[in-house]
$ cat model_35.cif   # mmCIF, N, CA, C and O atoms
data_final
#
loop_
_atom_site.label_atom_id
_atom_site.label_comp_id
_atom_site.auth_asym_id
_atom_site.auth_seq_id
_atom_site.Cartn_x
_atom_site.Cartn_y
_atom_site.Cartn_z
N MET A 714 171.91 57.50 -55.67
CA MET A 714 171.46 57.38 -54.31
C MET A 714 172.50 58.02 -53.39
O MET A 714 173.69 57.90 -53.60
N VAL A 715 172.01 58.69 -52.38
CA VAL A 715 172.88 59.36 -51.42
C VAL A 715 173.07 58.45 -50.21
O VAL A 715 172.12 57.87 -49.70
N LYS A 716 174.33 58.30 -49.78
CA LYS A 716 174.67 57.44 -48.64
C LYS A 716 175.31 58.27 -47.54
O LYS A 716 175.99 59.26 -47.81
N ILE A 717 175.10 57.84 -46.31
CA ILE A 717 175.84 58.37 -45.17
C ILE A 717 176.84 57.29 -44.82
O ILE A 717 176.45 56.16 -44.49
N ARG A 718 178.12 57.60 -44.92
CA ARG A 718 179.14 56.57 -44.74
C ARG A 718 180.39 57.15 -44.12
O ARG A 718 180.48 58.35 -43.86
N LEU A 719 181.38 56.27 -43.90
CA LEU A 719 182.64 56.69 -43.29
C LEU A 719 183.69 56.89 -44.37
O LEU A 719 183.71 56.19 -45.37
N THR A 720 184.57 57.85 -44.13
CA THR A 720 185.76 58.02 -44.95
C THR A 720 186.96 58.01 -44.01
O THR A 720 186.89 58.55 -42.92
N ARG A 721 188.01 57.34 -44.42
CA ARG A 721 189.16 57.13 -43.54
C ARG A 721 190.13 58.29 -43.59
O ARG A 721 190.49 58.78 -44.66
N MET A 722 190.56 58.69 -42.40
CA MET A 722 191.57 59.74 -42.24
C MET A 722 192.60 59.19 -41.26
O MET A 722 192.52 58.05 -40.85
N GLY A 723 193.52 60.01 -40.82
CA GLY A 723 194.46 59.60 -39.78
C GLY A 723 195.72 58.98 -40.33
O GLY A 723 195.98 58.96 -41.53
N ASP A 724 196.51 58.43 -39.41
CA ASP A 724 197.82 57.87 -39.74
C ASP A 724 197.73 56.38 -40.05
O ASP A 724 196.70 55.74 -39.86
N HIS A 725 198.86 55.84 -40.46
CA HIS A 725 198.99 54.42 -40.72
C HIS A 725 198.73 53.64 -39.44
O HIS A 725 199.35 53.90 -38.41
N LYS A 726 197.82 52.68 -39.48
CA LYS A 726 197.42 51.86 -38.34
C LYS A 726 196.82 52.67 -37.18
O LYS A 726 196.79 52.20 -36.05
N ASN A 727 196.39 53.88 -37.44
CA ASN A 727 195.74 54.72 -36.43
C ASN A 727 194.63 55.51 -37.12
O ASN A 727 194.71 56.73 -37.24
N PRO A 728 193.57 54.81 -37.52
CA PRO A 728 192.54 55.48 -38.31
C PRO A 728 191.63 56.38 -37.48
O PRO A 728 191.34 56.12 -36.32
N VAL A 729 191.19 57.44 -38.10
CA VAL A 729 190.13 58.30 -37.61
C VAL A 729 189.19 58.46 -38.80
O VAL A 729 189.64 58.58 -39.93
N TYR A 730 187.90 58.43 -38.55
CA TYR A 730 186.93 58.45 -39.64
C TYR A 730 186.09 59.72 -39.60
O TYR A 730 185.77 60.22 -38.53
N ARG A 731 185.72 60.19 -40.77
CA ARG A 731 184.72 61.25 -40.89
C ARG A 731 183.42 60.58 -41.31
O ARG A 731 183.41 59.66 -42.12
N ILE A 732 182.33 61.06 -40.74
CA ILE A 732 181.01 60.60 -41.15
C ILE A 732 180.52 61.61 -42.18
O ILE A 732 180.36 62.79 -41.87
N ILE A 733 180.34 61.13 -43.41
CA ILE A 733 180.04 62.04 -44.51
C ILE A 733 178.76 61.63 -45.23
O ILE A 733 178.28 60.51 -45.10
N VAL A 734 178.24 62.56 -45.99
CA VAL A 734 177.14 62.30 -46.92
C VAL A 734 177.75 62.38 -48.31
O VAL A 734 178.41 63.36 -48.64
N ALA A 735 177.56 61.31 -49.10
CA ALA A 735 178.16 61.27 -50.43
C ALA A 735 177.28 60.50 -51.39
O ALA A 735 176.43 59.70 -50.97
N ASP A 736 177.49 60.75 -52.66
CA ASP A 736 176.83 59.97 -53.70
C ASP A 736 177.40 58.55 -53.62
O ASP A 736 178.60 58.37 -53.42
N SER A 737 176.56 57.55 -53.81
CA SER A 737 177.01 56.17 -53.67
C SER A 737 178.02 55.77 -54.75
O SER A 737 178.78 54.83 -54.56
N ARG A 738 178.08 56.51 -55.84
CA ARG A 738 179.01 56.19 -56.92
C ARG A 738 180.39 56.78 -56.72
O ARG A 738 181.34 56.38 -57.39
N SER A 739 180.55 57.71 -55.78
CA SER A 739 181.86 58.32 -55.56
C SER A 739 182.73 57.41 -54.71
O SER A 739 182.23 56.64 -53.89
N PRO A 740 184.06 57.46 -54.87
CA PRO A 740 184.95 56.58 -54.11
C PRO A 740 184.95 56.89 -52.62
O PRO A 740 184.53 57.97 -52.20
N ARG A 741 185.42 55.93 -51.82
CA ARG A 741 185.38 56.05 -50.36
C ARG A 741 186.01 57.34 -49.85
O ARG A 741 185.44 58.03 -49.02
N ASP A 742 187.19 57.67 -50.32
CA ASP A 742 187.87 58.88 -49.87
C ASP A 742 187.77 60.00 -50.90
O ASP A 742 188.57 60.93 -50.90
N GLY A 743 186.78 59.93 -51.76
CA GLY A 743 186.62 60.91 -52.82
C GLY A 743 185.68 62.04 -52.46
O GLY A 743 185.57 62.45 -51.30
N ARG A 744 184.99 62.50 -53.46
CA ARG A 744 184.10 63.65 -53.33
C ARG A 744 182.93 63.36 -52.39
O ARG A 744 182.37 62.26 -52.41
N PHE A 745 182.56 64.34 -51.59
CA PHE A 745 181.43 64.19 -50.68
C PHE A 745 180.61 65.46 -50.69
O PHE A 745 181.03 66.50 -51.17
N ILE A 746 179.41 65.38 -50.11
CA ILE A 746 178.49 66.50 -50.09
C ILE A 746 178.64 67.30 -48.80
O ILE A 746 178.74 68.52 -48.82
N GLU A 747 178.68 66.59 -47.66
CA GLU A 747 178.73 67.27 -46.36
C GLU A 747 179.39 66.36 -45.32
O GLU A 747 179.21 65.15 -45.35
N VAL A 748 180.11 66.97 -44.38
CA VAL A 748 180.68 66.24 -43.24
C VAL A 748 179.72 66.40 -42.07
O VAL A 748 179.37 67.51 -41.67
N LEU A 749 179.28 65.26 -41.51
CA LEU A 749 178.34 65.27 -40.39
C LEU A 749 179.03 65.12 -39.04
O LEU A 749 178.46 65.50 -38.02
N GLY A 750 180.22 64.56 -39.04
CA GLY A 750 180.92 64.38 -37.76
C GLY A 750 182.17 63.56 -37.94
O GLY A 750 182.61 63.28 -39.05
N THR A 751 182.75 63.16 -36.79
CA THR A 751 183.96 62.34 -36.79
C THR A 751 183.78 61.18 -35.83
O THR A 751 182.97 61.23 -34.90
N TYR A 752 184.59 60.12 -36.05
CA TYR A 752 184.57 58.95 -35.19
C TYR A 752 186.00 58.46 -35.01
O TYR A 752 186.69 58.16 -35.98
N ASP A 753 186.43 58.41 -33.74
CA ASP A 753 187.75 57.86 -33.40
C ASP A 753 187.51 56.59 -32.60
O ASP A 753 187.10 56.64 -31.44
N PRO A 754 187.75 55.41 -33.20
CA PRO A 754 187.46 54.16 -32.50
C PRO A 754 188.37 53.88 -31.31
O PRO A 754 188.07 53.00 -30.51
N HIS A 755 189.45 54.64 -31.16
CA HIS A 755 190.39 54.40 -30.07
C HIS A 755 189.98 55.10 -28.78
O HIS A 755 190.53 54.82 -27.73
N LEU A 756 189.02 56.01 -28.86
CA LEU A 756 188.58 56.75 -27.68
C LEU A 756 187.19 56.31 -27.27
O LEU A 756 186.36 55.94 -28.11
N ASP A 757 186.91 56.35 -25.96
CA ASP A 757 185.58 55.99 -25.47
C ASP A 757 184.53 57.00 -25.93
O ASP A 757 183.41 56.64 -26.26
N ASP A 758 184.88 58.28 -25.91
CA ASP A 758 183.96 59.33 -26.36
C ASP A 758 184.43 59.90 -27.69
O ASP A 758 184.40 61.10 -27.91
N GLY A 759 184.81 59.03 -28.59
CA GLY A 759 185.38 59.45 -29.87
C GLY A 759 184.37 59.76 -30.95
O GLY A 759 184.73 59.96 -32.10
N LEU A 760 183.08 59.80 -30.60
CA LEU A 760 182.05 60.06 -31.59
C LEU A 760 181.53 61.49 -31.44
O LEU A 760 180.99 61.85 -30.40
N LYS A 761 181.72 62.29 -32.47
CA LYS A 761 181.18 63.66 -32.50
C LYS A 761 180.33 63.74 -33.76
O LYS A 761 180.81 63.52 -34.86
N LEU A 762 179.04 64.05 -33.56
CA LEU A 762 178.10 63.98 -34.66
C LEU A 762 177.06 65.08 -34.56
O LEU A 762 176.56 65.38 -33.48
N ASP A 763 176.74 65.70 -35.69
CA ASP A 763 175.65 66.67 -35.77
C ASP A 763 174.36 65.88 -35.98
O ASP A 763 174.00 65.53 -37.11
N THR A 764 173.66 65.58 -34.88
CA THR A 764 172.48 64.72 -34.95
C THR A 764 171.33 65.35 -35.74
O THR A 764 170.60 64.65 -36.43
N GLU A 765 171.18 66.66 -35.63
CA GLU A 765 170.08 67.33 -36.35
C GLU A 765 170.26 67.20 -37.86
O GLU A 765 169.31 66.91 -38.59
N ARG A 766 171.47 67.44 -38.35
CA ARG A 766 171.74 67.32 -39.78
C ARG A 766 171.60 65.87 -40.24
O ARG A 766 171.12 65.59 -41.33
N SER A 767 172.02 64.93 -39.38
CA SER A 767 171.88 63.51 -39.71
C SER A 767 170.42 63.14 -39.88
O SER A 767 170.05 62.46 -40.84
N LYS A 768 169.58 63.57 -38.95
CA LYS A 768 168.15 63.29 -39.04
C LYS A 768 167.56 63.90 -40.30
O LYS A 768 166.71 63.30 -40.97
N GLN A 769 168.01 65.11 -40.63
CA GLN A 769 167.51 65.79 -41.83
C GLN A 769 167.87 65.02 -43.10
O GLN A 769 167.03 64.85 -43.98
N TRP A 770 169.11 64.54 -43.18
CA TRP A 770 169.53 63.78 -44.35
C TRP A 770 168.76 62.47 -44.47
O TRP A 770 168.35 62.07 -45.56
N ILE A 771 168.54 61.78 -43.34
CA ILE A 771 167.80 60.53 -43.37
C ILE A 771 166.35 60.78 -43.78
O ILE A 771 165.76 60.03 -44.56
N LYS A 772 165.78 61.88 -43.27
CA LYS A 772 164.42 62.26 -43.64
C LYS A 772 164.32 62.53 -45.14
O LYS A 772 163.31 62.22 -45.77
N ASN A 773 165.37 63.06 -45.73
CA ASN A 773 165.39 63.36 -47.16
C ASN A 773 165.75 62.15 -48.02
O ASN A 773 165.84 62.28 -49.24
N GLY A 774 166.01 60.99 -47.40
CA GLY A 774 166.22 59.78 -48.18
C GLY A 774 167.62 59.22 -48.20
O GLY A 774 167.87 58.23 -48.89
N ALA A 775 168.56 59.81 -47.48
CA ALA A 775 169.93 59.28 -47.46
C ALA A 775 169.94 57.97 -46.67
O ALA A 775 169.31 57.84 -45.64
N GLN A 776 170.66 56.98 -47.19
CA GLN A 776 170.73 55.66 -46.56
C GLN A 776 172.07 55.49 -45.84
O GLN A 776 173.11 55.52 -46.47
N PRO A 777 172.05 55.29 -44.51
CA PRO A 777 173.31 55.04 -43.80
C PRO A 777 173.80 53.61 -44.02
O PRO A 777 172.99 52.69 -44.19
N THR A 778 175.11 53.43 -44.03
CA THR A 778 175.68 52.09 -44.08
C THR A 778 175.44 51.42 -42.73
O THR A 778 175.02 52.07 -41.77
N ASP A 779 175.70 50.13 -42.63
CA ASP A 779 175.47 49.39 -41.39
C ASP A 779 176.28 49.96 -40.24
O ASP A 779 175.78 50.12 -39.13
N THR A 780 177.54 50.27 -40.49
CA THR A 780 178.41 50.82 -39.45
C THR A 780 177.93 52.18 -39.00
O THR A 780 177.85 52.47 -37.80
N VAL A 781 177.58 53.03 -39.93
CA VAL A 781 177.10 54.36 -39.59
C VAL A 781 175.75 54.28 -38.89
O VAL A 781 175.48 55.05 -37.97
N ARG A 782 174.91 53.33 -39.28
CA ARG A 782 173.63 53.14 -38.60
C ARG A 782 173.86 52.84 -37.12
O ARG A 782 173.19 53.39 -36.25
N ALA A 783 174.83 51.98 -36.81
CA ALA A 783 175.14 51.66 -35.42
C ALA A 783 175.65 52.90 -34.68
O ALA A 783 175.30 53.12 -33.51
N LEU A 784 176.45 53.71 -35.35
CA LEU A 784 176.95 54.94 -34.72
C LEU A 784 175.83 55.95 -34.49
O LEU A 784 175.81 56.64 -33.47
N LEU A 785 174.89 56.03 -35.42
CA LEU A 785 173.76 56.94 -35.26
C LEU A 785 172.87 56.51 -34.10
O LEU A 785 172.37 57.35 -33.35
N VAL A 786 172.69 55.22 -33.93
CA VAL A 786 171.92 54.71 -32.79
C VAL A 786 172.64 55.04 -31.49
O VAL A 786 172.03 55.48 -30.52
N LYS A 787 173.96 54.86 -31.49
CA LYS A 787 174.77 55.16 -30.30
C LYS A 787 174.69 56.64 -29.94
O LYS A 787 174.64 56.99 -28.76
N ALA A 788 174.64 57.50 -30.94
CA ALA A 788 174.58 58.95 -30.71
C ALA A 788 173.16 59.41 -30.39
O ALA A 788 172.96 60.55 -29.97
N GLY A 789 172.17 58.55 -30.61
CA GLY A 789 170.78 58.92 -30.34
C GLY A 789 170.09 59.62 -31.48
O GLY A 789 169.01 60.18 -31.32
N ALA A 790 170.67 59.58 -32.66
CA ALA A 790 170.08 60.24 -33.81
C ALA A 790 169.13 59.32 -34.57
O ALA A 790 168.39 59.77 -35.44
N LEU A 791 169.12 58.05 -34.22
CA LEU A 791 168.32 57.07 -34.94
C LEU A 791 167.81 56.03 -33.94
O LEU A 791 168.53 55.66 -33.02
N GLU A 792 166.59 55.60 -34.13
CA GLU A 792 166.00 54.56 -33.27
C GLU A 792 166.40 53.19 -33.79
O GLU A 792 166.57 53.01 -34.99
N THR A 793 166.52 52.23 -32.89
CA THR A 793 166.83 50.87 -33.32
C THR A 793 165.57 50.23 -33.89
O THR A 793 164.47 50.52 -33.46
N LYS A 794 165.77 49.40 -34.87
CA LYS A 794 164.65 48.69 -35.47
C LYS A 794 164.55 47.33 -34.81
O LYS A 794 165.55 46.63 -34.67
N LYS A 795 163.35 46.96 -34.43
CA LYS A 795 163.12 45.61 -33.91
C LYS A 795 163.12 44.65 -35.09
O LYS A 795 162.51 44.92 -36.13
N SER A 796 163.79 43.55 -34.92
CA SER A 796 163.85 42.56 -35.98
C SER A 796 162.51 41.84 -36.07
O SER A 796 161.96 41.40 -35.07
N THR A 797 161.99 41.72 -37.26
CA THR A 797 160.72 41.03 -37.45
C THR A 797 160.94 39.54 -37.70
O THR A 797 160.01 38.76 -37.65
N GLN A 798 162.19 39.16 -37.94
CA GLN A 798 162.49 37.75 -38.16
C GLN A 798 162.59 37.04 -36.82
O GLN A 798 163.15 37.56 -35.86
N LYS A 799 162.05 35.84 -36.77
CA LYS A 799 162.11 35.06 -35.54
C LYS A 799 163.44 34.32 -35.49
O LYS A 799 163.95 33.84 -36.50
N THR A 800 163.99 34.24 -34.28
CA THR A 800 165.24 33.52 -34.11
C THR A 800 164.98 32.03 -34.14
O THR A 800 163.85 31.56 -34.05
N LYS A 801 166.05 31.25 -34.25
CA LYS A 801 165.92 29.80 -34.28
C LYS A 801 165.29 29.26 -33.00
O LYS A 801 164.50 28.32 -33.02
N VAL A 802 165.62 29.87 -31.86
CA VAL A 802 165.08 29.43 -30.57
C VAL A 802 163.57 29.66 -30.53
O VAL A 802 162.82 28.78 -30.09
N GLU A 803 163.12 30.82 -31.01
CA GLU A 803 161.68 31.11 -31.02
C GLU A 803 160.94 30.15 -31.94
O GLU A 803 159.85 29.68 -31.62
N LYS A 804 161.53 29.82 -33.09
CA LYS A 804 160.90 28.89 -34.03
C LYS A 804 160.82 27.50 -33.41
O LYS A 804 159.83 26.79 -33.56
N LYS A 805 161.87 27.09 -32.70
CA LYS A 805 161.90 25.78 -32.08
C LYS A 805 160.84 25.67 -30.97
O LYS A 805 160.14 24.67 -30.86
N LYS A 806 160.69 26.75 -30.16
CA LYS A 806 159.69 26.74 -29.10
C LYS A 806 158.29 26.67 -29.67
O LYS A 806 157.41 26.00 -29.13
N LYS A 807 158.07 27.37 -30.77
CA LYS A 807 156.75 27.38 -31.40
C LYS A 807 156.41 25.98 -31.96
O LYS A 807 155.27 25.55 -31.91
N ALA A 808 157.41 25.29 -32.47
CA ALA A 808 157.21 23.97 -33.06
C ALA A 808 156.86 22.93 -32.00
O ALA A 808 156.19 21.94 -32.29
N GLU A 809 157.32 23.15 -30.77
CA GLU A 809 157.07 22.15 -29.71
C GLU A 809 155.71 22.18 -29.15
O GLU A 809 154.83 22.77 -29.17
#
$ encode --input "model_35.cif" --output "C-alpha cells"
Amino acid sequence: MVKIRLTRMGDHKNPVYRIIVADSRSPRDGRFIEVLGTYDPHLDDGLKLDTERSKQWIKNGAQPTDTVRALLVKAGALETKKSTQKTKVEKKKKAE
C-alpha cells in the first residue's frame, strides 16, 4: 500500500518535515517514491505543497496519514469529511 506521510529533516529539536509518497513497508526516513512538499511547524506559512500531485496520488489510491490529511485540508488539496458518528450530546438530546 502506498502512503502519503511525513519524513523528518532538520536539526536537533528543530524539525522540518517533507511530505512524501512512500511504500508503507519502508522506514520513516527511508526510501520514498516522490516528494510532494515541505512542512515547517515553526512558521505560520510553513506549508509548501504541490496540491495537484497530491490530488493525483490520492485519486490513484494513496492513503494519507492523519497528520498529512490535516495538512492537505489546510492547503485545500482535500475536502474535510463530515463525521457520521453522533456525539454524546446529540445522543443524549435524542434520548430525551
$ select_by_dssp --input "model_35.cif" --residues "chain A" --states "strand (DSSP E)" --output "VMD selection string"
chain A and resid 715 to 724 727 to 736 747 to 752 760 to 762 776 to 777
$ write_last_selection --input "model_35.cif" --atoms "N, CA, C and O atoms" --output "compact mmCIF listing (two decimals), keeping the file's coordinate frame"
# COMPACT_ATOMS: atom_id res chain seq x y z
N VAL A 715 172.01 58.69 -52.38
CA VAL A 715 172.88 59.36 -51.42
C VAL A 715 173.07 58.45 -50.21
O VAL A 715 172.12 57.87 -49.70
N LYS A 716 174.33 58.30 -49.78
CA LYS A 716 174.67 57.44 -48.64
C LYS A 716 175.31 58.27 -47.54
O LYS A 716 175.99 59.26 -47.81
N ILE A 717 175.10 57.84 -46.31
CA ILE A 717 175.84 58.37 -45.17
C ILE A 717 176.84 57.29 -44.82
O ILE A 717 176.45 56.16 -44.49
N ARG A 718 178.12 57.60 -44.92
CA ARG A 718 179.14 56.57 -44.74
C ARG A 718 180.39 57.15 -44.12
O ARG A 718 180.48 58.35 -43.86
N LEU A 719 181.38 56.27 -43.90
CA LEU A 719 182.64 56.69 -43.29
C LEU A 719 183.69 56.89 -44.37
O LEU A 719 183.71 56.19 -45.37
N THR A 720 184.57 57.85 -44.13
CA THR A 720 185.76 58.02 -44.95
C THR A 720 186.96 58.01 -44.01
O THR A 720 186.89 58.55 -42.92
N ARG A 721 188.01 57.34 -44.42
CA ARG A 721 189.16 57.13 -43.54
C ARG A 721 190.13 58.29 -43.59
O ARG A 721 190.49 58.78 -44.66
N MET A 722 190.56 58.69 -42.40
CA MET A 722 191.57 59.74 -42.24
C MET A 722 192.60 59.19 -41.26
O MET A 722 192.52 58.05 -40.85
N GLY A 723 193.52 60.01 -40.82
CA GLY A 723 194.46 59.60 -39.78
C GLY A 723 195.72 58.98 -40.33
O GLY A 723 195.98 58.96 -41.53
N ASP A 724 196.51 58.43 -39.41
CA ASP A 724 197.82 57.87 -39.74
C ASP A 724 197.73 56.38 -40.05
O ASP A 724 196.70 55.74 -39.86
N ASN A 727 196.39 53.88 -37.44
CA ASN A 727 195.74 54.72 -36.43
C ASN A 727 194.63 55.51 -37.12
O ASN A 727 194.71 56.73 -37.24
N PRO A 728 193.57 54.81 -37.52
CA PRO A 728 192.54 55.48 -38.31
C PRO A 728 191.63 56.38 -37.48
O PRO A 728 191.34 56.12 -36.32
N VAL A 729 191.19 57.44 -38.10
CA VAL A 729 190.13 58.30 -37.61
C VAL A 729 189.19 58.46 -38.80
O VAL A 729 189.64 58.58 -39.93
N TYR A 730 187.90 58.43 -38.55
CA TYR A 730 186.93 58.45 -39.64
C TYR A 730 186.09 59.72 -39.60
O TYR A 730 185.77 60.22 -38.53
N ARG A 731 185.72 60.19 -40.77
CA ARG A 731 184.72 61.25 -40.89
C ARG A 731 183.42 60.58 -41.31
O ARG A 731 183.41 59.66 -42.12
N ILE A 732 182.33 61.06 -40.74
CA ILE A 732 181.01 60.60 -41.15
C ILE A 732 180.52 61.61 -42.18
O ILE A 732 180.36 62.79 -41.87
N ILE A 733 180.34 61.13 -43.41
CA ILE A 733 180.04 62.04 -44.51
C ILE A 733 178.76 61.63 -45.23
O ILE A 733 178.28 60.51 -45.10
N VAL A 734 178.24 62.56 -45.99
CA VAL A 734 177.14 62.30 -46.92
C VAL A 734 177.75 62.38 -48.31
O VAL A 734 178.41 63.36 -48.64
N ALA A 735 177.56 61.31 -49.10
CA ALA A 735 178.16 61.27 -50.43
C ALA A 735 177.28 60.50 -51.39
O ALA A 735 176.43 59.70 -50.97
N ASP A 736 177.49 60.75 -52.66
CA ASP A 736 176.83 59.97 -53.70
C ASP A 736 177.40 58.55 -53.62
O ASP A 736 178.60 58.37 -53.42
N GLU A 747 178.68 66.59 -47.66
CA GLU A 747 178.73 67.27 -46.36
C GLU A 747 179.39 66.36 -45.32
O GLU A 747 179.21 65.15 -45.35
N VAL A 748 180.11 66.97 -44.38
CA VAL A 748 180.68 66.24 -43.24
C VAL A 748 179.72 66.40 -42.07
O VAL A 748 179.37 67.51 -41.67
N LEU A 749 179.28 65.26 -41.51
CA LEU A 749 178.34 65.27 -40.39
C LEU A 749 179.03 65.12 -39.04
O LEU A 749 178.46 65.50 -38.02
N GLY A 750 180.22 64.56 -39.04
CA GLY A 750 180.92 64.38 -37.76
C GLY A 750 182.17 63.56 -37.94
O GLY A 750 182.61 63.28 -39.05
N THR A 751 182.75 63.16 -36.79
CA THR A 751 183.96 62.34 -36.79
C THR A 751 183.78 61.18 -35.83
O THR A 751 182.97 61.23 -34.90
N TYR A 752 184.59 60.12 -36.05
CA TYR A 752 184.57 58.95 -35.19
C TYR A 752 186.00 58.46 -35.01
O TYR A 752 186.69 58.16 -35.98
N LEU A 760 183.08 59.80 -30.60
CA LEU A 760 182.05 60.06 -31.59
C LEU A 760 181.53 61.49 -31.44
O LEU A 760 180.99 61.85 -30.40
N LYS A 761 181.72 62.29 -32.47
CA LYS A 761 181.18 63.66 -32.50
C LYS A 761 180.33 63.74 -33.76
O LYS A 761 180.81 63.52 -34.86
N LEU A 762 179.04 64.05 -33.56
CA LEU A 762 178.10 63.98 -34.66
C LEU A 762 177.06 65.08 -34.56
O LEU A 762 176.56 65.38 -33.48
N GLN A 776 170.66 56.98 -47.19
CA GLN A 776 170.73 55.66 -46.56
C GLN A 776 172.07 55.49 -45.84
O GLN A 776 173.11 55.52 -46.47
N PRO A 777 172.05 55.29 -44.51
CA PRO A 777 173.31 55.04 -43.80
C PRO A 777 173.80 53.61 -44.02
O PRO A 777 172.99 52.69 -44.19
$ residues_near_point --input "model_35.cif" --point "(176.5, 68.7, -44.5)" --cutoff "8 Å" --atoms "all atoms listed in the file" --output "PyMOL selection string"
chain A and resi 732-734+746-750+766-767
$ residues_near_point --input "model_35.cif" --point "(172.3, 60.2, -47.6)" --cutoff "12 Å" --atoms "only C-alpha atoms" --output "ChimeraX atom specification"
/A:714-719,732-737,745-749,766-778,781-782
$ write_last_selection --input "model_35.cif" --atoms "N, CA, C and O atoms" --output "compact mmCIF listing (two decimals), in the frame of the given file"
# COMPACT_ATOMS: atom_id res chain seq x y z
N MET A 714 171.91 57.50 -55.67
CA MET A 714 171.46 57.38 -54.31
C MET A 714 172.50 58.02 -53.39
O MET A 714 173.69 57.90 -53.60
N VAL A 715 172.01 58.69 -52.38
CA VAL A 715 172.88 59.36 -51.42
C VAL A 715 173.07 58.45 -50.21
O VAL A 715 172.12 57.87 -49.70
N LYS A 716 174.33 58.30 -49.78
CA LYS A 716 174.67 57.44 -48.64
C LYS A 716 175.31 58.27 -47.54
O LYS A 716 175.99 59.26 -47.81
N ILE A 717 175.10 57.84 -46.31
CA ILE A 717 175.84 58.37 -45.17
C ILE A 717 176.84 57.29 -44.82
O ILE A 717 176.45 56.16 -44.49
N ARG A 718 178.12 57.60 -44.92
CA ARG A 718 179.14 56.57 -44.74
C ARG A 718 180.39 57.15 -44.12
O ARG A 718 180.48 58.35 -43.86
N LEU A 719 181.38 56.27 -43.90
CA LEU A 719 182.64 56.69 -43.29
C LEU A 719 183.69 56.89 -44.37
O LEU A 719 183.71 56.19 -45.37
N ILE A 732 182.33 61.06 -40.74
CA ILE A 732 181.01 60.60 -41.15
C ILE A 732 180.52 61.61 -42.18
O ILE A 732 180.36 62.79 -41.87
N ILE A 733 180.34 61.13 -43.41
CA ILE A 733 180.04 62.04 -44.51
C ILE A 733 178.76 61.63 -45.23
O ILE A 733 178.28 60.51 -45.10
N VAL A 734 178.24 62.56 -45.99
CA VAL A 734 177.14 62.30 -46.92
C VAL A 734 177.75 62.38 -48.31
O VAL A 734 178.41 63.36 -48.64
N ALA A 735 177.56 61.31 -49.10
CA ALA A 735 178.16 61.27 -50.43
C ALA A 735 177.28 60.50 -51.39
O ALA A 735 176.43 59.70 -50.97
N ASP A 736 177.49 60.75 -52.66
CA ASP A 736 176.83 59.97 -53.70
C ASP A 736 177.40 58.55 -53.62
O ASP A 736 178.60 58.37 -53.42
N SER A 737 176.56 57.55 -53.81
CA SER A 737 177.01 56.17 -53.67
C SER A 737 178.02 55.77 -54.75
O SER A 737 178.78 54.83 -54.56
N PHE A 745 182.56 64.34 -51.59
CA PHE A 745 181.43 64.19 -50.68
C PHE A 745 180.61 65.46 -50.69
O PHE A 745 181.03 66.50 -51.17
N ILE A 746 179.41 65.38 -50.11
CA ILE A 746 178.49 66.50 -50.09
C ILE A 746 178.64 67.30 -48.80
O ILE A 746 178.74 68.52 -48.82
N GLU A 747 178.68 66.59 -47.66
CA GLU A 747 178.73 67.27 -46.36
C GLU A 747 179.39 66.36 -45.32
O GLU A 747 179.21 65.15 -45.35
N VAL A 748 180.11 66.97 -44.38
CA VAL A 748 180.68 66.24 -43.24
C VAL A 748 179.72 66.40 -42.07
O VAL A 748 179.37 67.51 -41.67
N LEU A 749 179.28 65.26 -41.51
CA LEU A 749 178.34 65.27 -40.39
C LEU A 749 179.03 65.12 -39.04
O LEU A 749 178.46 65.50 -38.02
N ARG A 766 171.47 67.44 -38.35
CA ARG A 766 171.74 67.32 -39.78
C ARG A 766 171.60 65.87 -40.24
O ARG A 766 171.12 65.59 -41.33
N SER A 767 172.02 64.93 -39.38
CA SER A 767 171.88 63.51 -39.71
C SER A 767 170.42 63.14 -39.88
O SER A 767 170.05 62.46 -40.84
N LYS A 768 169.58 63.57 -38.95
CA LYS A 768 168.15 63.29 -39.04
C LYS A 768 167.56 63.90 -40.30
O LYS A 768 166.71 63.30 -40.97
N GLN A 769 168.01 65.11 -40.63
CA GLN A 769 167.51 65.79 -41.83
C GLN A 769 167.87 65.02 -43.10
O GLN A 769 167.03 64.85 -43.98
N TRP A 770 169.11 64.54 -43.18
CA TRP A 770 169.53 63.78 -44.35
C TRP A 770 168.76 62.47 -44.47
O TRP A 770 168.35 62.07 -45.56
N ILE A 771 168.54 61.78 -43.34
CA ILE A 771 167.80 60.53 -43.37
C ILE A 771 166.35 60.78 -43.78
O ILE A 771 165.76 60.03 -44.56
N LYS A 772 165.78 61.88 -43.27
CA LYS A 772 164.42 62.26 -43.64
C LYS A 772 164.32 62.53 -45.14
O LYS A 772 163.31 62.22 -45.77
N ASN A 773 165.37 63.06 -45.73
CA ASN A 773 165.39 63.36 -47.16
C ASN A 773 165.75 62.15 -48.02
O ASN A 773 165.84 62.28 -49.24
N GLY A 774 166.01 60.99 -47.40
CA GLY A 774 166.22 59.78 -48.18
C GLY A 774 167.62 59.22 -48.20
O GLY A 774 167.87 58.23 -48.89
N ALA A 775 168.56 59.81 -47.48
CA ALA A 775 169.93 59.28 -47.46
C ALA A 775 169.94 57.97 -46.67
O ALA A 775 169.31 57.84 -45.64
N GLN A 776 170.66 56.98 -47.19
CA GLN A 776 170.73 55.66 -46.56
C GLN A 776 172.07 55.49 -45.84
O GLN A 776 173.11 55.52 -46.47
N PRO A 777 172.05 55.29 -44.51
CA PRO A 777 173.31 55.04 -43.80
C PRO A 777 173.80 53.61 -44.02
O PRO A 777 172.99 52.69 -44.19
N THR A 778 175.11 53.43 -44.03
CA THR A 778 175.68 52.09 -44.08
C THR A 778 175.44 51.42 -42.73
O THR A 778 175.02 52.07 -41.77
N VAL A 781 177.58 53.03 -39.93
CA VAL A 781 177.10 54.36 -39.59
C VAL A 781 175.75 54.28 -38.89
O VAL A 781 175.48 55.05 -37.97
N ARG A 782 174.91 53.33 -39.28
CA ARG A 782 173.63 53.14 -38.60
C ARG A 782 173.86 52.84 -37.12
O ARG A 782 173.19 53.39 -36.25
$ atom_distance --input "model_35.cif" --atom1 "atom C of Leu756 in chain A" --atom2 "CA of Ser739 in chain A"
28.9 Å
$ residues_around --input "model_35.cif" --residues "Tyr752 in chain A" --least-positions-apart "4" --cutoff "7 Å" --atoms "all atoms listed in the file" --output "ChimeraX atom specification"
/A:720,728-732,759-761
$ select_by_dssp --input "model_35.cif" --residues "range 717-798 of chain A" --states "alpha helix (DSSP H)" --output "ChimeraX atom specification"
/A:764-772,779-788
